[in-house]
file start.tsv (TSV, C-alpha atoms)
chain	number	residue	atom	x	y	z
A	986	MET	CA	-12.64	-29.23	46.26
A	987	LYS	CA	-13.29	-30.95	49.60
A	988	THR	CA	-10.62	-30.64	52.26
A	989	ILE	CA	-11.29	-32.83	55.24
A	990	ASP	CA	-8.53	-32.42	57.79
A	991	PRO	CA	-8.72	-31.84	61.54
A	992	PHE	CA	-8.04	-28.11	61.21
A	993	SER	CA	-10.81	-27.65	58.65
A	994	GLU	CA	-13.15	-29.65	60.86
A	995	GLN	CA	-12.30	-27.40	63.83
A	996	ILE	CA	-12.99	-24.35	61.70
A	997	ARG	CA	-16.31	-25.82	60.60
A	998	GLY	CA	-17.19	-26.34	64.27
A	999	CYS	CA	-16.37	-22.70	65.03
A	1000	ILE	CA	-18.46	-21.55	62.07
A	1001	ASP	CA	-21.40	-23.62	63.32
A	1002	CYS	CA	-20.94	-21.94	66.71
A	1003	ILE	CA	-21.08	-18.49	65.06
A	1004	ALA	CA	-24.19	-19.52	63.13
A	1005	GLU	CA	-25.86	-20.47	66.43
A	1006	ASN	CA	-24.60	-17.67	68.69
A	1007	GLY	CA	-23.84	-14.82	66.30
A	1008	ALA	CA	-20.96	-12.48	67.16
A	1009	ALA	CA	-20.64	-14.08	70.59
A	1010	GLY	CA	-19.40	-17.25	68.91
A	1011	LEU	CA	-16.52	-15.56	67.08
A	1012	SER	CA	-13.93	-15.96	69.83
A	1013	GLY	CA	-13.37	-19.65	69.04
A	1014	LEU	CA	-12.65	-18.96	65.38
A	1015	PHE	CA	-10.40	-16.05	66.31
A	1016	ASP	CA	-8.33	-18.13	68.72
A	1017	LEU	CA	-7.99	-20.90	66.18
A	1018	THR	CA	-7.04	-18.85	63.14
A	1019	ALA	CA	-5.87	-15.33	64.05
A	1020	HIS	CA	-2.17	-16.12	64.17
A	1021	ARG	CA	-2.16	-17.87	60.80
A	1022	LEU	CA	-4.39	-15.26	59.18
A	1023	VAL	CA	-2.25	-12.38	60.44
A	1024	ARG	CA	1.01	-13.86	59.20
A	1025	PHE	CA	-0.61	-14.52	55.80
A	1026	ALA	CA	-1.99	-10.98	55.66
A	1027	VAL	CA	1.37	-9.50	56.68
A	1028	THR	CA	2.96	-11.00	53.58
A	1029	ILE	CA	0.43	-9.09	51.47
A	1030	THR	CA	0.17	-5.75	53.28
A	1031	ARG	CA	3.85	-5.69	54.37
A	1032	ASN	CA	2.63	-4.02	57.53
A	1033	GLN	CA	1.33	-5.70	60.67
A	1034	HIS	CA	-1.19	-2.98	61.53
A	1035	ASP	CA	-2.80	-3.20	58.09
A	1036	ALA	CA	-2.67	-6.98	58.24
A	1037	GLU	CA	-4.55	-6.99	61.54
A	1038	ASP	CA	-7.11	-4.56	60.11
A	1039	SER	CA	-7.70	-6.93	57.20
A	1040	VAL	CA	-8.07	-9.92	59.53
A	1041	GLN	CA	-10.51	-7.97	61.69
A	1042	ALA	CA	-12.55	-6.90	58.66
A	1043	ALA	CA	-12.63	-10.45	57.31
A	1044	LEU	CA	-13.74	-11.96	60.63
A	1045	VAL	CA	-16.47	-9.34	61.05
A	1046	ARG	CA	-17.59	-10.22	57.54
A	1047	VAL	CA	-17.65	-13.90	58.51
A	1048	VAL	CA	-20.22	-13.09	61.20
A	1049	SER	CA	-22.38	-10.99	58.87
A	1050	ASN	CA	-22.19	-13.52	55.99
A	1051	ILE	CA	-22.18	-16.69	58.05
A	1052	ARG	CA	-24.51	-18.52	55.65
A	1053	LEU	CA	-22.08	-18.05	52.76
A	1054	VAL	CA	-19.10	-19.12	54.85
A	1055	ARG	CA	-21.01	-22.12	56.15
A	1056	ALA	CA	-21.92	-23.16	52.62
A	1057	ALA	CA	-18.28	-23.12	51.49
A	1058	ASP	CA	-16.85	-26.55	50.68
A	1059	SER	CA	-13.48	-25.72	52.22
A	1060	PRO	CA	-13.85	-23.13	54.97
A	1061	TRP	CA	-10.13	-22.57	55.58
A	1062	PRO	CA	-9.21	-21.64	51.98
A	1063	TYR	CA	-12.40	-19.55	51.90
A	1064	LEU	CA	-11.31	-17.69	55.04
A	1065	LEU	CA	-7.82	-17.14	53.63
A	1066	ARG	CA	-9.36	-15.76	50.45
A	1067	MET	CA	-11.53	-13.36	52.47
A	1068	VAL	CA	-8.49	-12.08	54.36
A	1069	ARG	CA	-6.54	-11.77	51.12
A	1070	ASN	CA	-9.33	-9.72	49.55
A	1071	GLU	CA	-9.48	-7.40	52.56
A	1072	ALA	CA	-5.68	-7.08	52.56
A	1073	LEU	CA	-5.69	-6.21	48.86
A	1074	VAL	CA	-8.36	-3.56	49.44
A	1075	ILE	CA	-6.21	-1.98	52.16
A	1076	LEU	CA	-3.14	-2.26	49.97
A	1077	ARG	CA	-4.94	-0.55	47.09
A	1078	LYS	CA	-5.98	2.34	49.36
A	1079	LYS	CA	-2.41	2.80	50.54
A	1080	ARG	CA	-0.68	2.27	47.22
A	1081	ARG	CA	0.64	5.82	47.28
A	1082	TRP	CA	2.66	4.95	50.35
A	1083	PRO	CA	6.06	3.37	49.74
A	1084	LEU	CA	6.24	-0.22	50.93
A	1085	VAL	CA	8.72	-0.35	53.76
A	1086	SER	CA	11.15	-3.22	53.80
A	1087	SER	CA	12.13	-2.93	57.45
A	1088	LEU	CA	10.60	-5.26	60.01
A	1089	ALA	CA	9.96	-2.50	62.57
A	1090	ASP	CA	6.18	-2.90	62.29
A	1091	LEU	CA	6.20	-6.59	63.20
A	1092	LEU	CA	5.13	-7.82	66.61
A	1093	THR	CA	7.26	-10.86	67.29
A	1094	ARG	CA	7.36	-13.64	69.82
A	1095	ARG	CA	10.72	-14.86	71.09
A	1096	GLY	CA	10.96	-17.81	73.41
A	1097	VAL	CA	13.89	-18.11	75.81
A	1098	ASP	CA	15.36	-20.92	73.74
A	1099	GLU	CA	14.81	-19.06	70.45
A	1100	VAL	CA	17.12	-16.12	71.05
A	1101	GLU	CA	19.78	-17.58	68.82
A	1102	GLN	CA	17.28	-18.19	66.04
A	1103	GLU	CA	15.88	-14.67	66.05
A	1104	GLU	CA	18.42	-13.44	63.57
A	1105	THR	CA	17.54	-16.27	61.23
A	1106	HIS	CA	13.83	-15.57	61.55
A	1107	ARG	CA	14.34	-11.88	60.87
A	1108	ALA	CA	16.43	-12.73	57.82
A	1109	VAL	CA	13.67	-15.01	56.56
A	1110	TRP	CA	10.94	-12.38	57.06
A	1111	SER	CA	13.13	-9.76	55.47
A	1112	ALA	CA	13.79	-12.03	52.49
A	1113	LEU	CA	10.06	-12.74	52.17
A	1114	ARG	CA	9.37	-9.00	52.06
A	1115	SER	CA	11.85	-8.60	49.26
A	1116	LEU	CA	9.71	-10.85	47.04
A	1117	PRO	CA	6.79	-9.62	44.94
A	1118	ILE	CA	3.51	-10.21	46.80
A	1119	GLU	CA	2.36	-12.74	44.18
A	1120	GLN	CA	5.34	-14.93	45.04
A	1121	SER	CA	5.51	-14.43	48.80
A	1122	GLU	CA	1.84	-15.38	49.30
A	1123	VAL	CA	2.43	-18.64	47.44
A	1124	VAL	CA	5.41	-19.39	49.67
A	1125	VAL	CA	3.39	-18.70	52.81
A	1126	LEU	CA	0.50	-20.90	51.72
A	1127	LYS	CA	2.84	-23.68	50.63
A	1128	ILE	CA	5.19	-23.78	53.59
A	1129	TRP	CA	3.26	-22.39	56.55
A	1130	GLU	CA	-0.22	-23.53	55.56
A	1131	GLU	CA	1.09	-26.78	54.03
A	1132	MET	CA	-1.27	-26.49	51.11
A	1133	THR	CA	-0.98	-28.32	47.83
A	1134	PHE	CA	-0.62	-26.28	44.66
A	1135	ALA	CA	-4.21	-27.16	43.82
A	1136	GLN	CA	-5.38	-25.64	47.10
A	1137	ILE	CA	-3.12	-22.61	46.64
A	1138	ALA	CA	-4.55	-22.13	43.16
A	1139	GLU	CA	-8.05	-22.18	44.69
A	1140	VAL	CA	-7.21	-19.56	47.32
A	1141	LEU	CA	-5.37	-17.25	44.93
A	1142	GLU	CA	-7.74	-17.92	42.02
A	1143	LEU	CA	-5.03	-18.75	39.51
A	1144	PRO	CA	-3.98	-21.84	37.53
A	1145	GLN	CA	-2.17	-24.56	39.46
A	1146	ALA	CA	0.84	-24.40	37.13
A	1147	THR	CA	1.17	-20.66	37.77
A	1148	ALA	CA	1.17	-21.25	41.51
A	1149	ALA	CA	3.87	-23.90	41.13
A	1150	SER	CA	6.07	-21.74	38.93
A	1151	ARG	CA	5.69	-18.73	41.24
A	1152	TYR	CA	6.75	-20.95	44.10
A	1153	ARG	CA	9.84	-22.14	42.27
A	1154	TYR	CA	10.86	-18.60	41.31
A	1155	ALA	CA	10.28	-17.42	44.86
A	1156	LEU	CA	12.28	-20.24	46.36
A	1157	SER	CA	15.25	-19.63	44.10
A	1158	LYS	CA	15.19	-15.92	45.00
A	1159	LEU	CA	14.89	-16.73	48.70
A	1160	ALA	CA	17.76	-19.19	48.41
A	1161	GLY	CA	19.87	-16.35	47.04
A	1162	HIS	CA	18.91	-14.08	49.94
A	1163	LEU	CA	19.39	-16.74	52.57
A	1164	ARG	CA	22.43	-18.49	51.13
A	1165	SER	CA	24.60	-18.10	54.22
A	1166	LEU	CA	21.84	-19.24	56.55
A	1167	GLU	CA	21.03	-22.14	54.24
A	1168	HIS	CA	24.63	-23.22	54.50
A	1169	GLU	CA	24.29	-23.35	58.30
A	1170	VAL	CA	21.16	-25.48	58.06
A	1171	ARG	CA	22.77	-27.86	55.56
A	1172	HIS	CA	25.89	-28.37	57.63
A	1173	GLY	CA	24.71	-27.61	61.13
B	670	MET	CA	18.22	-26.36	45.29
B	671	ALA	CA	17.01	-29.93	45.31
B	672	LYS	CA	14.86	-31.09	42.39
B	673	ARG	CA	11.31	-31.93	43.45
B	674	SER	CA	7.87	-32.44	42.04
B	675	ASN	CA	5.19	-29.75	42.39
B	676	ASP	CA	3.30	-31.23	45.33
B	677	ASP	CA	6.02	-33.26	46.92
B	678	ASP	CA	6.12	-32.27	50.58
B	679	SER	CA	8.33	-35.13	51.66
B	680	VAL	CA	11.54	-33.49	50.47
B	681	MET	CA	12.18	-30.05	51.93
B	682	VAL	CA	15.17	-28.08	50.79
B	683	PRO	CA	17.10	-26.15	53.47
B	684	VAL	CA	15.57	-22.81	52.51
B	685	GLU	CA	12.10	-24.26	53.04
B	686	LEU	CA	13.13	-25.51	56.46
B	687	LEU	CA	14.38	-22.04	57.35
B	688	ILE	CA	11.11	-20.46	56.26
B	689	ARG	CA	9.03	-23.06	58.09
B	690	ALA	CA	10.94	-22.41	61.31
B	691	ALA	CA	10.18	-18.68	61.08
B	692	GLY	CA	6.43	-19.28	60.75
B	693	ASN	CA	5.61	-18.53	64.38
B	694	TYR	CA	7.92	-15.55	64.68
B	695	VAL	CA	5.22	-12.95	64.01
B	696	VAL	CA	2.22	-12.91	66.35
B	697	PRO	CA	-1.01	-10.89	66.45
B	698	SER	CA	-1.07	-7.93	68.84
B	699	ASP	CA	-2.83	-8.34	72.19
B	700	ASN	CA	-5.59	-5.88	71.35
B	701	LEU	CA	-6.59	-7.55	68.08
B	702	ARG	CA	-8.85	-10.08	69.83
B	703	PRO	CA	-10.97	-7.61	71.86
B	704	ARG	CA	-10.99	-5.18	68.93
B	705	THR	CA	-12.29	-7.82	66.52
B	706	LEU	CA	-14.90	-9.22	68.89
B	707	GLU	CA	-16.17	-5.71	69.68
B	708	ALA	CA	-16.34	-4.80	65.98
B	709	ALA	CA	-18.27	-8.00	65.26
B	710	ARG	CA	-20.71	-7.26	68.09
B	711	GLU	CA	-21.24	-3.69	66.88
B	712	SER	CA	-21.74	-4.84	63.32
B	713	ALA	CA	-24.29	-7.45	64.44
B	714	ALA	CA	-26.12	-4.84	66.53
B	715	ASP	CA	-26.21	-2.41	63.57
B	716	ARG	CA	-27.56	-5.14	61.34
B	717	ALA	CA	-30.21	-6.10	63.88
B	718	GLY	CA	-31.26	-2.43	64.13
B	719	PHE	CA	-31.49	-2.18	60.37
B	720	TYR	CA	-33.63	-5.32	60.16
B	721	ARG	CA	-35.90	-4.00	62.94
B	722	LEU	CA	-36.39	-0.74	61.02
B	723	ALA	CA	-37.04	-2.63	57.79
B	724	ARG	CA	-39.63	-4.82	59.54
B	725	LEU	CA	-41.32	-1.74	61.02
B	726	PHE	CA	-41.42	-0.11	57.59
B	727	LEU	CA	-42.98	-3.25	56.07
B	728	VAL	CA	-45.60	-3.40	58.83
B	729	LEU	CA	-46.46	0.29	58.27
B	730	LEU	CA	-46.66	-0.32	54.52
B	731	PHE	CA	-48.97	-3.30	55.09
B	732	CYS	CA	-51.16	-1.32	57.48
B	733	SER	CA	-51.45	1.62	55.08
B	734	ALA	CA	-52.29	-0.77	52.22
B	735	LEU	CA	-55.10	-2.19	54.35
B	736	SER	CA	-56.33	1.15	55.67
B	737	VAL	CA	-56.79	2.94	52.32
B	738	PRO	CA	-59.79	0.80	51.21
B	739	ALA	CA	-61.15	0.90	54.77
B	740	LEU	CA	-60.97	4.71	54.78
B	741	ASP	CA	-62.72	4.79	51.40
B	742	ARG	CA	-65.59	2.75	52.80
B	743	LEU	CA	-65.70	4.90	55.90
B	744	SER	CA	-65.87	8.11	53.89
B	745	ALA	CA	-68.69	6.69	51.72
B	746	TRP	CA	-70.60	5.81	54.88
B	747	HIS	CA	-69.87	9.30	56.24
B	748	ASP	CA	-71.33	10.90	53.11
B	749	LYS	CA	-74.52	8.91	53.61
B	750	SER	CA	-74.89	9.65	57.30
B	751	VAL	CA	-74.00	13.31	57.27
B	752	SER	CA	-76.74	15.77	58.22
B	753	PRO	CA	-76.78	19.55	57.87
B	754	SER	CA	-76.08	21.67	60.93
B	755	VAL	CA	-78.82	23.65	62.74
B	756	SER	CA	-77.65	26.94	61.21
B	757	GLU	CA	-77.77	25.41	57.68
B	758	ILE	CA	-81.37	24.26	58.32
B	759	GLN	CA	-82.31	27.69	59.61
B	760	ASP	CA	-80.67	29.38	56.56
B	761	GLN	CA	-82.55	27.07	54.25
B	762	ALA	CA	-85.85	27.67	56.16
B	763	SER	CA	-85.53	31.46	55.88
B	764	ARG	CA	-84.63	31.15	52.14
B	765	ILE	CA	-87.73	29.04	51.51
B	766	ALA	CA	-89.90	31.42	53.52
B	767	THR	CA	-88.63	34.39	51.46
B	768	GLU	CA	-88.99	32.59	48.10
B	769	LYS	CA	-92.47	31.26	48.74
B	770	GLY	CA	-93.76	34.16	50.87
B	771	VAL	CA	-94.69	31.96	53.81
B	772	GLY	CA	-93.97	32.25	57.54
B	773	PRO	CA	-90.73	31.03	59.10
B	774	HIS	CA	-92.47	27.99	60.67
B	775	TRP	CA	-93.63	26.76	57.28
B	776	GLY	CA	-90.19	27.49	55.87
B	777	LEU	CA	-88.67	25.32	58.62
B	778	TYR	CA	-91.26	22.59	57.99
B	779	GLU	CA	-90.45	22.65	54.27
B	780	ALA	CA	-86.69	22.58	54.93
B	781	PHE	CA	-87.07	19.50	57.17
B	782	THR	CA	-89.32	17.79	54.64
B	783	ARG	CA	-86.72	18.31	51.89
B	784	LEU	CA	-83.94	17.07	54.23
B	785	ARG	CA	-85.91	13.87	54.98
B	786	PHE	CA	-86.38	13.26	51.25
B	787	ARG	CA	-82.67	13.74	50.61
B	788	GLN	CA	-81.70	11.35	53.43
B	789	ALA	CA	-84.22	8.77	52.25
B	790	ASP	CA	-82.78	9.08	48.76
B	791	LYS	CA	-79.16	8.61	50.02
B	792	LEU	CA	-80.04	5.65	52.20
B	793	SER	CA	-82.09	3.99	49.53
B	794	PRO	CA	-80.71	0.48	48.69
B	795	ASN	CA	-81.27	1.14	44.94
B	796	ARG	CA	-78.85	4.05	44.95
call {"tool": "encode", "arguments": {"input": "start.tsv", "output": "structure tokens"}}
result
Amino acid sequence: MKTIDPFSEQIRGCIDCIAENGAAGLSGLFDLTAHRLVRFAVTITRNQHDAEDSVQAALVRVVSNIRLVRAADSPWPYLLRMVRNEALVILRKKRRWPLVSSLADLLTRRGVDEVEQEETHRAVWSALRSLPIEQSEVVVLKIWEEMTFAQIAEVLELPQATAASRYRYALSKLAGHLRSLEHEVRHG
Amino acid sequence: MAKRSNDDDSVMVPVELLIRAAGNYVVPSDNLRPRTLEAARESAADRAGFYRLARLFLVLLFCSALSVPALDRLSAWHDKSVSPSVSEIQDQASRIATEKGVGPHWGLYEAFTRLRFRQADKLSPNR
């Protein structure tokens, strides 16, 4: 499936730069994607340190397999899939560890004008962590990555209908968790 | 929750708006960038080293494949050109002198004559 949007074009440019300059060309791709990749990986690993490890491993793999990445029709979904695979590998290794539901591991950014919203953001992240990984990753791809269900299905390698139903289940659960905050948004 | 079609992004229910707003709340740590770039550089250097070794191995393999027939030819030539040492000639001369009951000079003459025949035989183009 071809995805031609400005972000994908930027990524393709960065990948071309890596193909020409090797590891020295990775900084552009990192600056463009690291934030989005880390927040996606955090929803899978439930731990920022592991999420960053998976992003690092995936980006190193991009450099070593640049021909494969360059040949991909849609580089952004391909990159997300690479990070997801790395995150799942880390998760599998650490399965014996209980998944913590606190947000203590997260490194957060809080602007001066966002102090009031911090509680809301924490509630959202906490609610996301309460979901099964299969559902939270669909939510992240749908809302933060603004992907269609067809694109989500491609990244997660599952049928489109499954992605849509997981999203609906997740959203109804999240609505339950965030009911009071939702009320503020609706009326505030 | 508002009813909506699967791919309809135009209508966002409040919970989706809440989630969207929290998208930039978590950020990568400051050391992730240098750590990743360094790991990529190291990995590239390791790979380059591996490819250099592999190339060296292939060159050695190619050289040895070429040198085996060359060594064969060289050893055949060596067999043809080899001559006995002085002590071997003297041993042979004294053996001939004892067998045939002649003096050592004739023994030496006979030994050289036989050597010349052998060399002529080895160097013969019909061999």
call {"tool": "atom_distance", "arguments": {"input": "start.tsv", "atom1": "CA of Gly998 (chain A)", "atom2": "CA of Ala1019 (chain A)"}}
result
15.8 Å
call {"tool": "residues_around", "arguments": {"input": "start.tsv", "residues": "Arg1069 (chain A)", "least_positions_apart": "5", "cutoff": "12 Å", "atoms": "all atoms listed in the file", "output": "NGL selection string"}}
result
:A and (1022-1030 or 1035-1044 or 1062-1064 or 1074-1076 or 1118-1119 or 1122-1123 or 1126 or 1140-1142)
call {"tool": "interface_residues", "arguments": {"input": "start.tsv", "of": "chain B", "to": "chain A", "cutoff": "6 Å", "atoms": "only C-alpha atoms", "output": "ChimeraX atom specification"}}
result
/B:676,683-684,689,691,694-697,705,709-710
call {"tool": "atom_distance", "arguments": {"input": "start.tsv", "atom1": "CA of Leu727 (chain B)", "atom2": "CA of Asp741 (chain B)"}}
result
21.8 Å
call {"tool": "atom_distance", "arguments": {"input": "start.tsv", "atom1": "CA of Ala1072 (chain A)", "atom2": "CA of Asn1006 (chain A)"}}
result
27.0 Å
call {"tool": "residues_around", "arguments": {"input": "start.tsv", "residues": "Trp775 (chain B)", "least_positions_apart": "4", "cutoff": "10 Å", "atoms": "only C-alpha atoms", "output": "VMD selection string"}}
result
chain B and resid 762 to 763 765 to 766 769 to 771 779 to 781
call {"tool": "residues_around", "arguments": {"input": "start.tsv", "residues": "Pro753 (chain B)", "least_positions_apart": "4", "cutoff": "9 Å", "atoms": "all atoms listed in the file", "output": "VMD selection string"}}
result
chain B and resid 757 to 758 784
call {"tool": "closest_residue", "arguments": {"input": "start.tsv", "among": "A:Ala1004, A:Leu1017, A:Ala1155, A:Cys999", "to": "Ser1121 (chain A)", "atoms": "only C-alpha atoms"}}
result
A:Ala1155
call {"tool": "decode", "arguments": {"input": "start.tsv", "residues": "region 687-698 of chain B", "atoms": "N, CA and C atoms", "output": "tab-separated table (two decimals), in the first residue's frame"}}
result
chain	number	residue	atom	x	y	z
B	687	LEU	N	-9.00	13.62	24.39
B	687	LEU	CA	-8.15	13.55	25.59
B	687	LEU	C	-6.85	12.80	25.29
B	688	ILE	N	-7.00	11.67	24.58
B	688	ILE	CA	-5.82	10.85	24.27
B	688	ILE	C	-4.89	11.61	23.33
B	689	ARG	N	-5.50	12.26	22.33
B	689	ARG	CA	-4.67	13.01	21.37
B	689	ARG	C	-3.86	14.09	22.09
B	690	ALA	N	-4.48	14.76	23.03
B	690	ALA	CA	-3.79	15.84	23.74
B	690	ALA	C	-2.61	15.33	24.56
B	691	ALA	N	-2.68	14.06	24.98
B	691	ALA	CA	-1.61	13.51	25.81
B	691	ALA	C	-0.47	12.91	24.98
B	692	GLY	N	-0.56	13.04	23.67
B	692	GLY	CA	0.41	12.40	22.78
B	692	GLY	C	1.84	12.87	22.96
B	693	ASN	N	2.01	14.14	23.31
B	693	ASN	CA	3.38	14.66	23.44
B	693	ASN	C	3.87	14.69	24.88
B	694	TYR	N	3.12	14.03	25.75
B	694	TYR	CA	3.46	14.09	27.18
B	694	TYR	C	4.76	13.33	27.47
B	695	VAL	N	4.93	12.19	26.82
B	695	VAL	CA	6.14	11.39	27.05
B	695	VAL	C	7.18	11.72	25.99
B	696	VAL	N	8.41	11.95	26.43
B	696	VAL	CA	9.48	12.31	25.48
B	696	VAL	C	10.67	11.35	25.65
B	697	PRO	N	11.47	11.21	24.60
B	697	PRO	CA	12.66	10.36	24.74
B	697	PRO	C	13.68	10.99	25.69
B	698	SER	N	14.49	10.18	26.33
B	698	SER	CA	15.51	10.73	27.24
B	698	SER	C	16.61	11.41	26.42
